[in-house]
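Data first, discussion second: the structure below is written as structure tokens.
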Amino acid sequence: MTSAQLRAARAMLDWSQAELALRADLSVETIKRLENMPDTLAATRVSTLNAITIAFADAGVEFTNGDAPGVRLRKK
């Protein structure tokens, strides 16, 4: 996951930083810090990334990787 993917996923759902923090059981400051990181979030705790990934997955967001990282909404 990259900081750009994090911001894009949040925008796709029209979630505020506070909404994501609530759904992922993290602080708003953590979300802000991650969104301001220069690129990859690889140095971030696995538990933090898992919480964010699960919150987005529950809302229907998938992260795409490979040569063109991005986000998309799953079809329901």
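Starting from 1 in every chain, residues are counted up; chains themselves are A, B, ... following the order of the structure tokens, and ligands are numbered from 1 as listed.
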- Can you list every residue in chain A that DSSP puts in strand (DSSP E), as a PyMOL selection string? chain A and resi 61-64+70-73
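Excluding Arg23 of chain A itself and any same-chain residue fewer than 4 positions from it, the protein and nucleic acid residues within 12 Å of it, counting only C-alpha atoms, are Arg10, Trp15, Ser16, Gln17, Ala18, Glu19, Ser27, Val28, Ile31, Ala51, Ile52, Thr53, Ile54, Ala55, Phe56, Ala57, Asp58 and Ala59 of chain A.
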Selection from above, N, CA, C and O atoms, as a compact mmCIF listing (two decimals), in the first residue's frame, can you write it?
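result_11.txt written:
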```txt
# COMPACT_ATOMS: atom_id res chain seq x y z
N ARG A 10 -9.74 6.44 0.42
CA ARG A 10 -10.56 7.26 1.31
C ARG A 10 -11.45 8.20 0.50
O ARG A 10 -12.64 8.35 0.78
N TRP A 15 -14.75 9.30 2.63
CA TRP A 15 -14.51 9.21 4.06
C TRP A 15 -13.54 10.30 4.48
O TRP A 15 -12.55 10.57 3.80
N SER A 16 -13.78 10.88 5.61
CA SER A 16 -12.81 11.80 6.22
C SER A 16 -11.71 10.96 6.88
O SER A 16 -11.85 9.74 7.04
N GLN A 17 -10.65 11.62 7.27
CA GLN A 17 -9.60 10.93 8.01
C GLN A 17 -10.17 10.38 9.32
O GLN A 17 -9.81 9.28 9.74
N ALA A 18 -11.06 11.13 9.93
CA ALA A 18 -11.67 10.69 11.19
C ALA A 18 -12.53 9.44 10.98
O ALA A 18 -12.54 8.54 11.82
N GLU A 19 -13.23 9.37 9.86
CA GLU A 19 -14.06 8.20 9.56
C GLU A 19 -13.19 6.95 9.40
O GLU A 19 -13.49 5.89 9.94
N SER A 27 -5.85 6.18 15.48
CA SER A 27 -6.00 7.61 15.75
C SER A 27 -6.00 8.40 14.43
O SER A 27 -5.43 7.94 13.42
N VAL A 28 -6.61 9.55 14.46
CA VAL A 28 -6.60 10.43 13.30
C VAL A 28 -5.16 10.83 12.98
O VAL A 28 -4.78 10.92 11.81
N ILE A 31 -3.52 8.26 10.77
CA ILE A 31 -3.97 8.36 9.38
C ILE A 31 -3.28 9.54 8.70
O ILE A 31 -2.78 9.41 7.57
N ALA A 51 -5.38 -3.28 9.77
CA ALA A 51 -6.60 -2.62 10.23
C ALA A 51 -7.17 -1.73 9.14
O ALA A 51 -8.39 -1.70 8.90
N ILE A 52 -6.30 -1.01 8.44
CA ILE A 52 -6.75 -0.13 7.36
C ILE A 52 -7.29 -0.95 6.19
O ILE A 52 -8.36 -0.66 5.64
N THR A 53 -6.56 -2.00 5.83
CA THR A 53 -6.98 -2.85 4.72
C THR A 53 -8.33 -3.49 5.00
O THR A 53 -9.20 -3.53 4.12
N ILE A 54 -8.54 -3.96 6.20
CA ILE A 54 -9.81 -4.58 6.57
C ILE A 54 -10.95 -3.57 6.54
O ILE A 54 -12.04 -3.85 6.04
N ALA A 55 -10.70 -2.37 7.06
CA ALA A 55 -11.74 -1.33 7.04
C ALA A 55 -12.16 -1.01 5.61
O ALA A 55 -13.35 -0.90 5.30
N PHE A 56 -11.18 -0.88 4.72
CA PHE A 56 -11.50 -0.60 3.32
C PHE A 56 -12.16 -1.81 2.66
O PHE A 56 -13.10 -1.65 1.88
N ALA A 57 -11.69 -3.00 2.93
CA ALA A 57 -12.27 -4.21 2.33
C ALA A 57 -13.73 -4.36 2.73
O ALA A 57 -14.58 -4.72 1.90
N ASP A 58 -14.03 -4.07 4.00
CA ASP A 58 -15.42 -4.13 4.47
C ASP A 58 -16.32 -3.16 3.71
O ASP A 58 -17.52 -3.38 3.59
N ALA A 59 -15.73 -2.07 3.20
CA ALA A 59 -16.49 -1.07 2.45
C ALA A 59 -16.45 -1.34 0.95
O ALA A 59 -17.01 -0.58 0.17
```
- Task: Could you please write out, as a count of residues only, every residue of chain A that DSSP assigns to alpha helix (DSSP H)?
- Result: 40
- Find the distance between atom CA of Arg45 of chain A and atom CA of Asp14 of chain A and write it in Å to one decimal. 25.1 Å
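The residue that comes closest to Ala4 of chain A, out of A:Leu20, A:Val46, A:Met37, A:Leu26 and on the basis of only C-alpha atoms, is A:Met37.
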- Task: Tell me which protein, DNA and RNA residues are within 9 Å of segment 41-43 of chain A, counting only C-alpha atoms, leaving out same-chain ones fewer than 3 positions away, and put them as a ChimeraX atom specification.
- Result: /A:1-3,34,37-38,46,49
Keeping only all heavy atoms, write those residues as a CSV table (one decimal), in the first residue's frame.
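Saved as result.csv:
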```
chain,number,residue,atom,x,y,z
A,1,MET,N,0.9,-1.2,0.0
A,1,MET,CA,0.0,0.0,0.0
A,1,MET,C,0.9,1.2,0.0
A,1,MET,O,1.9,1.3,0.7
A,1,MET,CB,-0.9,0.0,1.2
A,1,MET,CG,-1.9,1.2,1.3
A,1,MET,SD,-2.8,1.3,2.9
A,1,MET,CE,-3.5,-0.3,3.0
A,2,THR,N,0.5,2.2,-0.8
A,2,THR,CA,1.2,3.5,-0.8
A,2,THR,C,0.3,4.6,-0.1
A,2,THR,O,-0.9,4.4,0.0
A,2,THR,CB,1.5,3.9,-2.2
A,2,THR,OG1,0.3,4.2,-2.9
A,2,THR,CG2,2.3,2.9,-3.0
A,3,SER,N,0.9,5.7,0.2
A,3,SER,CA,0.1,6.8,0.8
A,3,SER,C,-0.9,7.3,-0.3
A,3,SER,O,-2.0,7.7,0.1
A,3,SER,CB,1.1,7.9,1.2
A,3,SER,OG,1.9,8.4,0.2
A,34,LEU,N,0.4,8.7,8.0
A,34,LEU,CA,0.5,7.7,6.8
A,34,LEU,C,0.2,8.4,5.5
A,34,LEU,O,0.9,8.1,4.5
A,34,LEU,CB,-0.4,6.5,7.0
A,34,LEU,CG,-0.1,5.6,8.2
A,34,LEU,CD1,-1.2,4.6,8.4
A,34,LEU,CD2,1.2,5.0,8.1
A,37,MET,N,3.2,10.4,4.2
A,37,MET,CA,4.5,9.7,4.0
A,37,MET,C,4.8,9.8,2.5
A,37,MET,O,3.9,9.8,1.6
A,37,MET,CB,4.4,8.2,4.4
A,37,MET,CG,4.4,8.1,5.9
A,37,MET,SD,4.3,6.4,6.5
A,37,MET,CE,6.0,5.9,6.4
A,38,PRO,N,6.1,9.8,2.1
A,38,PRO,CA,6.5,10.1,0.7
A,38,PRO,C,6.1,9.0,-0.3
A,38,PRO,O,6.0,9.3,-1.4
A,38,PRO,CB,8.0,10.3,0.8
A,38,PRO,CG,8.4,9.7,2.1
A,38,PRO,CD,7.3,9.7,3.0
A,46,VAL,N,2.6,-3.8,10.7
A,46,VAL,CA,1.7,-4.7,9.9
A,46,VAL,C,0.3,-4.7,10.5
A,46,VAL,O,-0.7,-4.6,9.7
A,46,VAL,CB,2.2,-6.2,10.0
A,46,VAL,CG1,1.2,-7.2,9.4
A,46,VAL,CG2,3.6,-6.3,9.2
A,49,LEU,N,-1.5,-1.6,9.1
A,49,LEU,CA,-1.9,-1.7,7.7
A,49,LEU,C,-3.0,-2.7,7.6
A,49,LEU,O,-3.9,-2.5,6.7
A,49,LEU,CB,-0.7,-2.2,6.8
A,49,LEU,CG,0.5,-1.2,6.7
A,49,LEU,CD1,1.6,-1.8,5.9
A,49,LEU,CD2,0.0,0.1,6.0
```
- How far is it from atom CA of Leu73 of chain A to atom CA of Val61 of chain A, in Å with one decimal?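 Answer for the atom CA of Leu73 of chain A to atom CA of Val61 of chain A separation: 4.6 Å.
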Name the residues in contact with Phe63 of chain A at a cut-off of 8 Å, using only C-alpha atoms, excluding same-chain residues fewer than 4 positions from it; report them as a CSV table (one decimal) with all heavy atoms, in the first residue's frame.
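Printed below is part11.csv as written:
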```csv
chain,number,residue,atom,x,y,z
A,1,MET,N,0.9,-1.2,0.0
A,1,MET,CA,0.0,0.0,0.0
A,1,MET,C,0.9,1.2,0.0
A,1,MET,O,1.9,1.3,0.7
A,1,MET,CB,-0.9,0.0,1.2
A,1,MET,CG,-1.9,1.2,1.3
A,1,MET,SD,-2.8,1.3,2.9
A,1,MET,CE,-3.5,-0.3,3.0
A,5,GLN,N,-2.4,5.5,-2.5
A,5,GLN,CA,-3.5,4.5,-2.5
A,5,GLN,C,-4.4,4.7,-1.3
A,5,GLN,O,-5.7,4.6,-1.4
A,5,GLN,CB,-3.0,3.1,-2.5
A,5,GLN,CG,-2.5,2.6,-3.8
A,5,GLN,CD,-1.9,1.2,-3.7
A,5,GLN,OE1,-0.9,1.0,-2.9
A,5,GLN,NE2,-2.4,0.2,-4.4
A,69,PRO,N,0.0,0.4,-9.2
A,69,PRO,CA,-0.7,0.4,-8.0
A,69,PRO,C,-2.0,1.3,-8.0
A,69,PRO,O,-1.9,2.4,-8.6
A,69,PRO,CB,0.2,0.8,-6.9
A,69,PRO,CG,1.6,0.7,-7.5
A,69,PRO,CD,1.4,0.8,-9.0
A,70,GLY,N,-3.1,0.8,-7.5
A,70,GLY,CA,-4.3,1.7,-7.5
A,70,GLY,C,-5.3,1.1,-6.5
A,70,GLY,O,-5.0,0.3,-5.7
A,71,VAL,N,-6.5,1.6,-6.6
A,71,VAL,CA,-7.6,1.1,-5.9
A,71,VAL,C,-8.8,1.0,-6.8
A,71,VAL,O,-8.9,1.7,-7.8
A,71,VAL,CB,-7.9,2.0,-4.6
A,71,VAL,CG1,-6.8,2.0,-3.6
A,71,VAL,CG2,-8.3,3.4,-5.1
A,72,ARG,N,-9.8,0.1,-6.4
A,72,ARG,CA,-11.0,0.0,-7.1
A,72,ARG,C,-12.1,-0.5,-6.2
A,72,ARG,O,-11.8,-1.1,-5.1
A,72,ARG,CB,-10.9,-0.9,-8.3
A,72,ARG,CG,-10.6,-2.3,-7.9
A,72,ARG,CD,-10.4,-3.2,-9.2
A,72,ARG,NE,-10.0,-4.6,-8.7
A,72,ARG,CZ,-9.4,-5.4,-9.4
A,72,ARG,NH1,-9.0,-5.1,-10.7
A,72,ARG,NH2,-9.1,-6.6,-9.0
```
- Task: Please measure the separation of atom CA of Arg33 of chain A and atom CA of Asp67 of chain A, giving the value in Å to one decimal.
- Result: 25.0 Å
